[in-house]
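Q: Input input04.txt, format and content: compact mmCIF, C-alpha atoms and all ligand atoms.
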# COMPACT_ATOMS: atom_id res chain seq x y z
CA MET C 289 62.28 146.63 133.69
CA PRO C 290 61.64 150.11 132.27
CA VAL C 291 64.30 151.22 129.79
CA ARG C 292 65.90 154.61 129.27
CA ALA C 293 66.26 155.10 125.51
CA LEU C 294 68.23 157.77 123.68
CA ALA C 295 65.84 159.24 121.13
CA TYR C 296 65.92 161.95 118.46
CA PHE C 297 62.85 164.17 118.79
CA LEU C 298 61.19 166.51 116.33
CA ASN C 299 60.04 169.38 118.57
CA ALA C 300 58.85 171.83 115.90
CA PRO C 301 58.71 171.68 112.09
CA GLY C 302 61.78 173.14 110.41
CA THR C 303 64.02 172.73 113.46
CA PRO C 304 66.80 170.13 113.95
CA LEU C 305 65.96 166.89 115.75
CA LEU C 306 67.17 166.98 119.36
CA ALA C 307 68.57 163.91 121.13
CA HIS C 308 67.53 163.24 124.69
CA ASP C 309 66.49 160.47 127.03
CA LEU C 310 63.08 158.81 126.76
CA ASP C 311 61.91 156.58 129.59
CA LEU C 312 59.95 153.66 128.20
CA PRO C 313 57.67 151.69 130.53
CA ASP C 314 57.38 147.92 130.48
CA PRO C 315 55.42 146.81 127.42
CA GLY C 316 51.68 146.45 128.04
CA PRO C 317 49.51 143.63 126.67
CA GLY C 318 49.96 143.38 122.89
CA GLU C 319 53.12 145.49 122.96
CA ALA C 320 56.80 144.71 122.50
CA LEU C 321 59.92 146.58 123.54
CA VAL C 322 62.37 146.52 120.64
CA GLU C 323 66.05 147.44 120.77
CA VAL C 324 66.74 149.23 117.46
CA LEU C 325 69.67 147.82 115.49
CA ALA C 326 69.11 150.06 112.48
CA CYS C 327 66.53 152.50 111.12
CA GLY C 328 66.26 153.71 107.54
CA LEU C 329 65.98 157.42 106.73
CA CYS C 330 62.99 157.96 104.42
CA HIS C 331 61.79 160.94 102.42
CA THR C 332 58.65 160.88 104.58
CA ASP C 333 60.84 161.68 107.62
CA LEU C 334 62.04 164.78 105.77
CA GLY C 335 58.39 165.73 105.07
CA PHE C 336 57.61 165.50 108.80
CA ALA C 337 60.79 167.35 109.78
CA ASP C 338 60.39 170.26 107.35
CA GLY C 339 56.67 170.63 108.08
CA SER C 340 55.37 169.78 104.60
CA VAL C 341 53.61 166.67 105.99
CA PRO C 342 52.18 166.97 109.53
CA PRO C 343 52.61 163.75 111.56
CA LYS C 344 49.48 162.39 113.24
CA HIS C 345 51.06 162.31 116.74
CA PRO C 346 51.45 165.76 118.31
CA LEU C 347 55.03 167.06 118.60
CA PRO C 348 57.44 166.30 120.13
CA LEU C 349 57.70 163.02 118.25
CA VAL C 350 60.52 160.53 117.60
CA LEU C 351 60.62 159.98 113.81
CA GLY C 352 61.72 156.83 111.93
CA HIS C 353 59.61 153.99 110.51
CA GLU C 354 62.11 151.56 108.93
CA VAL C 355 63.17 149.57 111.95
CA VAL C 356 65.00 146.32 112.39
CA GLY C 357 65.69 145.28 115.94
CA ARG C 358 65.76 142.78 118.74
CA VAL C 359 62.70 142.02 120.87
CA MET C 360 63.73 142.60 124.49
CA ALA C 361 60.36 142.05 126.18
CA THR C 362 56.71 141.60 125.37
CA GLY C 363 53.69 142.50 127.48
CA ASP C 364 52.14 139.10 127.08
CA SER C 365 52.38 136.65 129.93
CA GLY C 366 54.57 133.58 129.90
CA PRO C 367 58.34 133.31 129.83
CA ARG C 368 60.08 134.02 126.53
CA PRO C 369 62.11 131.12 125.19
CA PRO C 370 65.86 131.82 125.32
CA ALA C 371 67.00 133.57 122.14
CA SER C 372 68.96 131.49 119.71
CA GLY C 373 70.58 132.64 116.47
CA ARG C 374 68.36 135.25 114.90
CA SER C 375 65.18 134.13 116.67
CA ASP C 376 64.62 137.40 118.54
CA LEU C 377 65.31 139.64 115.54
CA VAL C 378 62.34 141.33 113.90
CA VAL C 379 61.49 143.87 111.27
CA VAL C 380 58.87 146.37 112.39
CA PRO C 381 56.51 147.01 109.45
CA ALA C 382 56.04 150.72 108.71
CA VAL C 383 52.28 150.11 108.68
CA LEU C 384 51.04 148.14 111.71
CA PRO C 385 47.37 147.28 111.03
CA CYS C 386 44.88 146.61 113.85
CA GLY C 387 44.14 143.12 112.52
CA ARG C 388 40.43 143.28 113.46
CA CYS C 389 38.59 145.85 111.29
CA ALA C 390 36.75 145.33 107.99
CA PHE C 391 39.83 146.42 106.04
CA CYS C 392 42.16 144.02 107.87
CA CYS C 393 39.68 141.13 107.54
CA ALA C 394 39.50 141.77 103.77
CA GLY C 395 43.31 141.48 103.49
CA ARG C 396 43.64 145.25 103.03
CA GLY C 397 45.41 145.91 106.34
CA ASN C 398 47.60 148.51 104.67
CA ALA C 399 44.45 150.68 104.39
CA CYS C 400 43.41 149.99 108.01
CA PRO C 401 42.04 153.21 109.58
CA ASP C 402 43.37 152.13 112.98
CA GLN C 403 46.90 151.37 111.74
CA LYS C 404 49.91 152.56 113.71
CA MET C 405 52.95 153.90 111.91
CA PRO C 406 56.10 154.33 114.02
CA GLY C 407 57.45 157.87 113.73
CA ASN C 408 53.97 159.14 112.77
CA ASP C 409 51.26 157.71 115.07
CA ILE C 410 53.67 156.53 117.79
CA HIS C 411 57.33 157.24 118.67
CA GLY C 412 59.56 155.75 116.00
CA GLY C 413 62.96 154.22 115.38
CA PHE C 414 65.30 157.22 115.57
CA ALA C 415 66.04 155.89 119.04
CA THR C 416 67.90 153.09 120.78
CA HIS C 417 64.55 151.47 121.72
CA LEU C 418 60.87 151.74 120.88
CA LEU C 419 57.54 150.29 122.00
CA VAL C 420 55.37 148.84 119.22
CA PRO C 421 52.27 146.67 118.82
CA SER C 422 53.67 143.13 118.83
CA ALA C 423 51.15 141.28 116.65
CA ALA C 424 52.46 142.52 113.31
CA LEU C 425 56.21 142.13 113.98
CA VAL C 426 57.90 139.94 111.38
CA SER C 427 60.44 137.38 112.57
CA LEU C 428 63.86 137.23 110.91
CA ASN C 429 64.48 133.73 112.26
CA ASP C 430 64.88 132.29 108.76
CA LEU C 431 67.15 135.03 107.46
CA PRO C 432 70.34 133.41 106.16
CA SER C 433 73.57 134.48 107.85
CA HIS C 434 74.96 136.03 104.64
CA VAL C 435 72.30 138.78 104.78
CA ASP C 436 73.32 141.88 106.77
CA VAL C 437 70.44 142.29 109.22
CA ARG C 438 70.81 146.11 109.21
CA GLU C 439 69.87 146.17 105.51
CA ILE C 440 66.52 144.56 106.37
CA SER C 441 65.46 147.89 107.95
CA VAL C 442 64.59 149.17 104.47
CA VAL C 443 62.26 146.20 103.98
CA ALA C 444 59.93 147.96 106.45
CA ASP C 445 59.07 150.54 103.84
CA ALA C 446 61.02 150.84 100.60
CA VAL C 447 61.21 147.16 99.63
CA SER C 448 57.85 145.98 100.98
CA THR C 449 56.05 148.99 99.47
CA ALA C 450 57.58 148.04 96.12
CA TYR C 451 56.46 144.44 96.57
CA GLN C 452 52.89 145.46 97.39
CA ALA C 453 52.82 147.81 94.38
CA VAL C 454 53.84 144.93 92.11
CA ARG C 455 51.10 142.71 93.63
CA ARG C 456 48.54 145.50 93.30
CA ALA C 457 49.42 145.81 89.62
CA GLY C 458 48.58 142.12 89.12
CA LEU C 459 51.97 141.72 87.45
CA ARG C 460 52.65 138.38 85.76
CA ALA C 461 55.64 136.84 84.02
CA GLY C 462 56.08 138.23 80.53
CA ASP C 463 54.45 141.61 81.31
CA ALA C 464 56.23 144.86 80.44
CA ALA C 465 56.91 146.75 83.69
CA MET C 466 57.43 150.48 83.08
CA VAL C 467 58.97 152.11 86.15
CA VAL C 468 58.94 155.91 86.32
CA GLY C 469 61.49 157.03 88.94
CA SER C 470 64.17 154.45 89.56
CA GLY C 471 65.65 155.66 92.86
CA GLY C 472 64.44 154.49 96.28
CA VAL C 473 61.24 152.44 96.01
CA GLY C 474 61.48 152.42 92.20
CA GLY C 475 64.81 150.57 92.29
CA TYR C 476 63.12 147.77 94.25
CA VAL C 477 60.07 147.75 91.94
CA VAL C 478 62.55 147.11 89.10
CA GLN C 479 64.18 144.19 90.95
CA ILE C 480 60.92 142.62 92.17
CA ALA C 481 59.17 142.91 88.79
CA ARG C 482 62.19 141.24 87.16
CA ALA C 483 62.28 138.53 89.87
CA LEU C 484 58.63 137.74 89.09
CA GLY C 485 59.41 137.36 85.39
CA ALA C 486 58.46 140.74 83.91
CA ARG C 487 60.59 142.61 81.37
CA VAL C 488 61.49 145.98 82.84
CA ILE C 489 61.87 149.43 81.29
CA ALA C 490 63.21 151.97 83.83
CA CYS C 491 62.76 155.72 83.35
CA ASP C 492 64.55 158.41 85.34
CA VAL C 493 65.95 161.92 85.07
CA ARG C 494 69.36 160.76 86.35
CA ARG C 495 71.75 158.65 84.30
CA GLU C 496 73.56 157.20 87.35
CA ARG C 497 70.31 155.79 88.74
CA LEU C 498 69.53 154.17 85.42
CA ASP C 499 73.02 152.65 85.30
CA LEU C 500 72.45 151.14 88.76
CA VAL C 501 69.08 149.56 87.91
CA ALA C 502 70.43 148.38 84.55
CA ALA C 503 72.78 146.20 86.61
CA HIS C 504 69.86 145.00 88.78
CA GLY C 505 66.94 143.97 86.61
CA ALA C 506 66.15 146.77 84.13
CA GLU C 507 66.45 145.36 80.63
CA ARG C 508 66.11 148.80 79.05
CA THR C 509 66.57 152.30 80.50
CA VAL C 510 65.15 155.58 79.25
CA LEU C 511 66.61 158.94 80.29
CA VAL C 512 63.64 161.29 80.44
CA ASP C 513 65.38 164.53 81.37
CA GLY C 514 64.47 167.37 78.99
CA ARG C 515 62.09 165.25 76.89
CA THR C 516 58.34 165.59 76.46
CA PRO C 517 55.98 162.88 77.81
CA GLN C 518 54.96 162.20 74.18
CA GLU C 519 58.56 161.46 73.15
CA VAL C 520 59.07 159.18 76.14
CA ARG C 521 55.75 157.39 75.48
CA LYS C 522 56.79 156.70 71.90
CA GLU C 523 60.14 155.21 72.96
CA VAL C 524 58.79 153.15 75.91
CA HIS C 525 55.82 151.77 73.98
CA GLY C 526 58.13 151.03 71.06
CA ILE C 527 60.38 148.91 73.29
CA ALA C 528 57.43 146.97 74.73
CA ARG C 529 55.93 146.36 71.30
CA SER C 530 59.33 145.20 69.98
CA TRP C 531 59.13 142.54 72.71
CA GLY C 532 55.69 141.55 71.45
CA VAL C 533 53.93 142.70 74.64
CA ALA C 534 50.38 144.04 74.11
CA SER C 535 49.28 147.05 76.15
CA ILE C 536 46.90 144.91 78.24
CA ASP C 537 50.12 143.60 79.83
CA PHE C 538 51.67 147.03 80.47
CA ARG C 539 52.22 147.54 84.22
CA ILE C 540 53.18 151.17 84.85
CA PHE C 541 54.62 152.21 88.23
CA GLU C 542 54.83 155.90 89.19
CA CYS C 543 57.59 155.95 91.81
CA SER C 544 59.10 159.42 91.33
CA GLY C 545 56.65 161.27 93.56
CA THR C 546 56.99 164.32 91.29
CA PRO C 547 54.31 166.09 89.23
CA GLN C 548 56.41 165.54 86.08
CA GLY C 549 56.73 161.83 86.81
CA GLN C 550 52.99 161.53 87.41
CA VAL C 551 52.15 163.21 84.12
CA LEU C 552 54.66 160.96 82.36
CA ALA C 553 53.30 157.77 83.97
CA PHE C 554 49.71 158.74 83.12
CA GLY C 555 50.84 159.39 79.56
CA LEU C 556 52.17 155.82 79.33
CA LEU C 557 48.64 154.42 79.72
CA SER C 558 47.19 152.65 76.74
CA ARG C 559 44.38 150.16 76.03
CA ALA C 560 43.57 148.07 79.12
CA ALA C 561 46.92 149.02 80.70
CA THR C 562 47.41 149.27 84.49
CA LEU C 563 49.06 152.12 86.41
CA VAL C 564 49.96 151.98 90.10
CA GLN C 565 50.62 155.26 91.92
CA VAL C 566 53.45 154.62 94.41
CA GLY C 567 55.20 157.99 94.85
CA TYR C 568 53.86 160.96 96.80
CA THR C 569 53.86 164.67 96.12
CA PRO C 570 51.57 167.24 97.78
CA LYS C 571 51.33 169.01 94.40
CA ALA C 572 48.39 168.54 92.02
CA VAL C 573 48.77 167.65 88.35
CA GLU C 574 46.52 168.19 85.35
CA VAL C 575 45.72 165.07 83.33
CA ARG C 576 42.85 164.11 81.03
CA LEU C 577 41.09 161.55 83.21
CA SER C 578 38.87 160.61 80.30
CA ASN C 579 41.85 158.69 78.88
CA LEU C 580 40.98 156.04 81.48
CA MET C 581 37.54 155.72 79.89
CA ALA C 582 38.85 155.77 76.34
CA PHE C 583 41.52 153.16 77.09
CA ASP C 584 39.42 151.05 79.46
CA ALA C 585 42.51 151.41 81.65
CA THR C 586 43.03 151.00 85.42
CA ILE C 587 44.81 153.09 88.05
CA HIS C 588 45.44 151.80 91.57
CA GLY C 589 46.79 153.57 94.63
CA THR C 590 49.03 151.67 97.01
CA TRP C 591 50.21 152.40 100.53
CA GLY C 592 52.69 150.31 102.51
CA CYS C 593 52.39 146.54 102.57
CA PRO C 594 50.38 144.14 104.76
CA PRO C 595 52.75 142.38 107.22
CA ALA C 596 51.49 139.01 105.91
CA GLN C 597 53.40 139.68 102.66
CA TYR C 598 56.74 140.32 104.39
CA PRO C 599 57.89 136.67 104.43
CA ASP C 600 57.63 136.64 100.61
CA VAL C 601 59.72 139.81 100.43
CA LEU C 602 62.33 138.33 102.78
CA ARG C 603 62.46 135.18 100.64
CA LEU C 604 63.34 137.23 97.54
CA ILE C 605 66.18 138.85 99.51
CA SER C 606 67.40 135.55 101.02
CA GLN C 607 67.53 134.04 97.52
CA GLY C 608 69.48 137.02 96.17
CA GLN C 609 66.73 138.03 93.72
CA VAL C 610 66.48 141.40 95.44
CA VAL C 611 69.72 143.02 96.60
CA ILE C 612 69.87 145.96 98.98
CA ALA C 613 73.58 146.73 99.49
CA PRO C 614 74.15 148.74 96.24
CA PHE C 615 71.19 150.98 97.11
CA VAL C 616 72.07 151.88 100.72
CA GLU C 617 74.75 153.50 102.87
CA HIS C 618 75.31 153.30 106.62
CA ALA C 619 75.76 156.22 109.03
CA PRO C 620 75.51 156.92 112.76
CA MET C 621 72.16 158.32 113.97
CA SER C 622 74.09 161.27 115.43
CA ARG C 623 74.40 162.58 111.85
CA VAL C 624 70.64 162.54 111.25
CA ASN C 625 70.20 166.34 110.98
CA GLU C 626 73.05 166.70 108.52
CA LEU C 627 71.61 163.83 106.45
CA LEU C 628 68.09 165.32 106.47
CA GLU C 629 69.62 168.53 105.13
CA ALA C 630 71.51 166.62 102.44
CA MET C 631 68.28 164.83 101.49
CA ALA C 632 66.45 168.17 101.21
CA GLN C 633 69.16 169.35 98.79
CA HIS C 634 68.95 166.11 96.77
CA ARG C 635 72.55 165.29 97.66
CA LEU C 636 71.88 161.73 98.91
CA ALA C 637 72.44 159.18 96.17
CA ASN C 638 71.51 156.19 98.34
CA ARG C 639 69.06 155.40 101.10
CA MET C 640 70.71 155.93 104.50
CA ILE C 641 70.57 153.30 107.24
CA LEU C 642 71.18 154.85 110.65
CA ASP C 643 72.66 153.21 113.73
CA PRO C 644 71.08 154.66 116.89
CA ARG C 645 73.93 153.35 119.05
CA SER C 646 76.47 155.71 117.47
ZN ZN E 1 59.04 155.75 104.36
ZN ZN E 2 42.40 147.24 110.85
What does this structure look like when you write it as structure tokens?
Ligand SMILES: [Zn+2]
Ligand SMILES: [Zn+2]
A:
Amino acid sequence: MPVRALAYFLNAPGTPLLAHDLDLPDPGPGEALVEVLACGLCHTDLGFADGSVPPKHPLPLVLGHEVVGRVMATGDSGPRPPASGRSDLVVVPAVLPCGRCAFCCAGRGNACPDQKMPGNDIHGGFATHLLVPSAALVSLNDLPSHVDVREISVVADAVSTAYQAVRRAGLRAGDAAMVVGSGGVGGYVVQIARALGARVIACDVRRERLDLVAAHGAERTVLVDGRTPQEVRKEVHGIARSWGVASIDFRIFECSGTPQGQVLAFGLLSRAATLVQVGYTPKAVEVRLSNLMAFDATIHGTWGCPPAQYPDVLRLISQGQVVIAPFVEHAPMSRVNELLEAMAQHRLANRMILDPRS
């Protein structure tokens, strides 16, 4: 049965999203029709909406890539078993790899050139329903009843991206994790690094963010506002050394997505240390790349998270080692334009989770 969805379309960069009907056909082979229960509002959505990042799908496009929902139908033959409990609930990964190419076969599906990202390559989750490739959907069957399923929407990007960044860093128990930018993804890097046994130093320009992560895994916090990278380096390295951690076990995470944060994170490198670039800014920065040579240091990029890692992320949440509620707020999807505007003016303290049914 085709479905008529209510969807919020970006028709032109810099203009408000417009809500109207979208007729979705029955899912084809390898596709699933998902009823959206909640969709997170991400900074990337703002980039698409204001025109600073062009989406890959031509406009008009339905944005939104942090979707949790209910599978209503799949295009694959055979009757679906009757739903019980949470068995038909899924999180739609923000990066849906093809599963067949050289990248996917090497376990690097998050770099798959044929990946589909809802709200970028295909219509996304700012809608009551969406059609997605079904192979990479992650079941929430084992999610304990105390977890609010709507909060799992942010696993599709913010939390899973943080998890993959921590894996990419090769973080081990006892390492010093230095997190530059503690809002959004950075707040989850703090929690996940702590859950895996690292000692965490969080850096941010905002005191209130540091207070929040101090209550959720950051052992030490460093306010960087108005200070030079050299001053911050001295303090952060001093803390790590006071713990007896050698720089080979420094795991630096750049999560601010600002030129200043990138320069700061690069400046935290030391002998055999590891930096993972998590945040995004279109702006270029000037750094002395030869420091990598001199320090025998490593920098990794990271993008999204392979769906195969999601069950591990969900386990951390189910066990209460990663909490989402203090970092999010809920709002109806009908407020999406107002919230995009607030995000552009840096007035959103928390990540917004939108309900497309209101
Ligand atoms: Zn995102
Ligand atoms: Zn692939």
Q: Between C:Ser433, C:Leu334, C:Phe583, C:Phe615, which has the minimum distance to Ala630 of chain C (counting only C-alpha atoms)?
A: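 Of the candidates, the smallest distance to Ala630 of chain C is held by C:Leu334.
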Q: Rank C:Ser530, C:Gln403, C:Asn408, C:Thr562 by their smallest atom-to-atom distance to ligand ZN 2 (chain E), using only C-alpha atoms and all ligand atoms, and report the top residue only.
A: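 Checking each candidate against ligand ZN 2 (chain E), we get C:Gln403 as the closest.
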Q: How many Å separate atom CA of Gly526 of chain C from atom CA of Gly589 of chain C?
A: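 If I compute the distance from atom CA of Gly526 of chain C to atom CA of Gly589 of chain C, I get 26.3 Å.
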Q: Using all atoms listed in the file, which residues of the polymer chains come no farther than 10 Å from ligand ZN 2 (chain E)? I'd like the answer as a VMD selection string.
A: chain C and resid 384 to 404
Q: Go ahead and write the residues just picked, C-alpha atoms, as a PDB file, keeping the file's coordinate frame.
A:
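Final output, saved to result.pdb:
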ATOM      1  CA  LEU C 384      51.040 148.140 111.710  1.00  0.00           C
ATOM      2  CA  PRO C 385      47.370 147.280 111.030  1.00  0.00           C
ATOM      3  CA  CYS C 386      44.880 146.610 113.850  1.00  0.00           C
ATOM      4  CA  GLY C 387      44.140 143.120 112.520  1.00  0.00           C
ATOM      5  CA  ARG C 388      40.430 143.280 113.460  1.00  0.00           C
ATOM      6  CA  CYS C 389      38.590 145.850 111.290  1.00  0.00           C
ATOM      7  CA  ALA C 390      36.750 145.330 107.990  1.00  0.00           C
ATOM      8  CA  PHE C 391      39.830 146.420 106.040  1.00  0.00           C
ATOM      9  CA  CYS C 392      42.160 144.020 107.870  1.00  0.00           C
ATOM     10  CA  CYS C 393      39.680 141.130 107.540  1.00  0.00           C
ATOM     11  CA  ALA C 394      39.500 141.770 103.770  1.00  0.00           C
ATOM     12  CA  GLY C 395      43.310 141.480 103.490  1.00  0.00           C
ATOM     13  CA  ARG C 396      43.640 145.250 103.030  1.00  0.00           C
ATOM     14  CA  GLY C 397      45.410 145.910 106.340  1.00  0.00           C
ATOM     15  CA  ASN C 398      47.600 148.510 104.670  1.00  0.00           C
ATOM     16  CA  ALA C 399      44.450 150.680 104.390  1.00  0.00           C
ATOM     17  CA  CYS C 400      43.410 149.990 108.010  1.00  0.00           C
ATOM     18  CA  PRO C 401      42.040 153.210 109.580  1.00  0.00           C
ATOM     19  CA  ASP C 402      43.370 152.130 112.980  1.00  0.00           C
ATOM     20  CA  GLN C 403      46.900 151.370 111.740  1.00  0.00           C
ATOM     21  CA  LYS C 404      49.910 152.560 113.710  1.00  0.00           C
TER      22      LYS C 404
END
Q: Check which residues fall inside 9 Å of ligand ZN 1 (chain E) when counting all atoms listed in the file, and print them as a list in words.
A: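 After applying the 9 Å limit, what remains is Gly328, Leu329, Cys330, His331, Thr332, Asp333, Gly352, His353, Glu354, Ala382, Val442, Ala444, Asp445, Ala446, Thr449 and Gly592 of chain C.
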Q: Which one is closest to Gly608 of chain C: C:Ser535, C:Gln548, C:Gln479, C:Ser578? Count all atoms listed in the file.
A: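 Of C:Ser535, C:Gln548, C:Gln479, C:Ser578, the one nearest Gly608 of chain C, counting all atoms listed in the file, is C:Gln479.
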Q: Extract, using all atoms listed in the file, all DNA, RNA and protein residues at most 7 Å from Ser422 of chain C, discarding same-chain residues fewer than 4 positions from it, and format them as a ChimeraX atom specification.
A: /C:318-320
Q: Point out the residue among C:Ser544, C:Arg539, C:Arg455, C:Met466 with the least atom-to-atom distance to Val524 of chain C, counting only C-alpha atoms.
A: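 For Val524 of chain C, the nearest of the candidates is C:Met466.
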Q: So the first atom is atom CA of Ile440 of chain C and the second is atom CA of Leu604 of chain C; what is the distance between them in Å, to one decimal place?
A: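 Taking atom CA of Ile440 of chain C and atom CA of Leu604 of chain C, their separation equals 11.9 Å.
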Q: Which one is closest to Gly567 of chain C: C:Thr590, C:Gln633, C:Thr516, C:Ser340? Count all atoms listed in the file.
A: C:Thr590
Q: Determine, counting only C-alpha atoms, which protein, DNA and RNA residues have an atom within 12 Å of an atom of Gly471 of chain C; residues of the same chain fewer than 5 positions away are not included. Present the result as a PyMOL selection string.
A: chain C and resi 331+446-447+450+476-479+490-501+542-545+567+614-616+634+636-639
Q: Which is closest to Arg487 of chain C among C:Ala528, C:Leu580, C:Ala424, C:Val473, if we use all atoms listed in the file?
A: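 Of all the options, C:Ala528 lies closest to Arg487 of chain C.
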Q: Work out how far atom CA of Gly316 of chain C is from atom CA of Tyr296 of chain C, in Å to one decimal.
A: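 Straight-line distance from atom CA of Tyr296 of chain C to atom CA of Gly316 of chain C works out to 23.1 Å.
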Q: Need the shell around Asp309 of chain C: protein/DNA/RNA residues with any atom at most 10 Å away, counting all atoms listed in the file. Skip same-chain ones fewer than 6 positions apart. Format as a ChimeraX atom specification?
A: /C:291-297,415-416
Q: Please list as JSON, numbers by chain every residue within 12 Å of Phe336 of chain C, counting all atoms listed in the file and excluding residues in the same chain fewer than 3 positions away.
A: {"C": [297, 298, 299, 300, 301, 302, 303, 304, 305, 329, 330, 331, 332, 333, 339, 340, 341, 342, 343, 344, 345, 346, 347, 348, 349, 350, 351, 352, 353, 407, 408, 409, 628, 632]}
Q: For a quick check of your reading of the model, name the residues lying within 12 Å of the coordinate (74.7, 143.4, 97.4), counting only C-alpha atoms, and write them as a list in words.
A: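 The requested residues, written out, are His434, Val435, Asp436, Glu439, Leu500, Ala503, His504, Ile605, Ser606, Gln607, Gly608, Gln609, Val610, Val611, Ile612, Ala613, Pro614, Phe615, Val616 and Glu617 of chain C.
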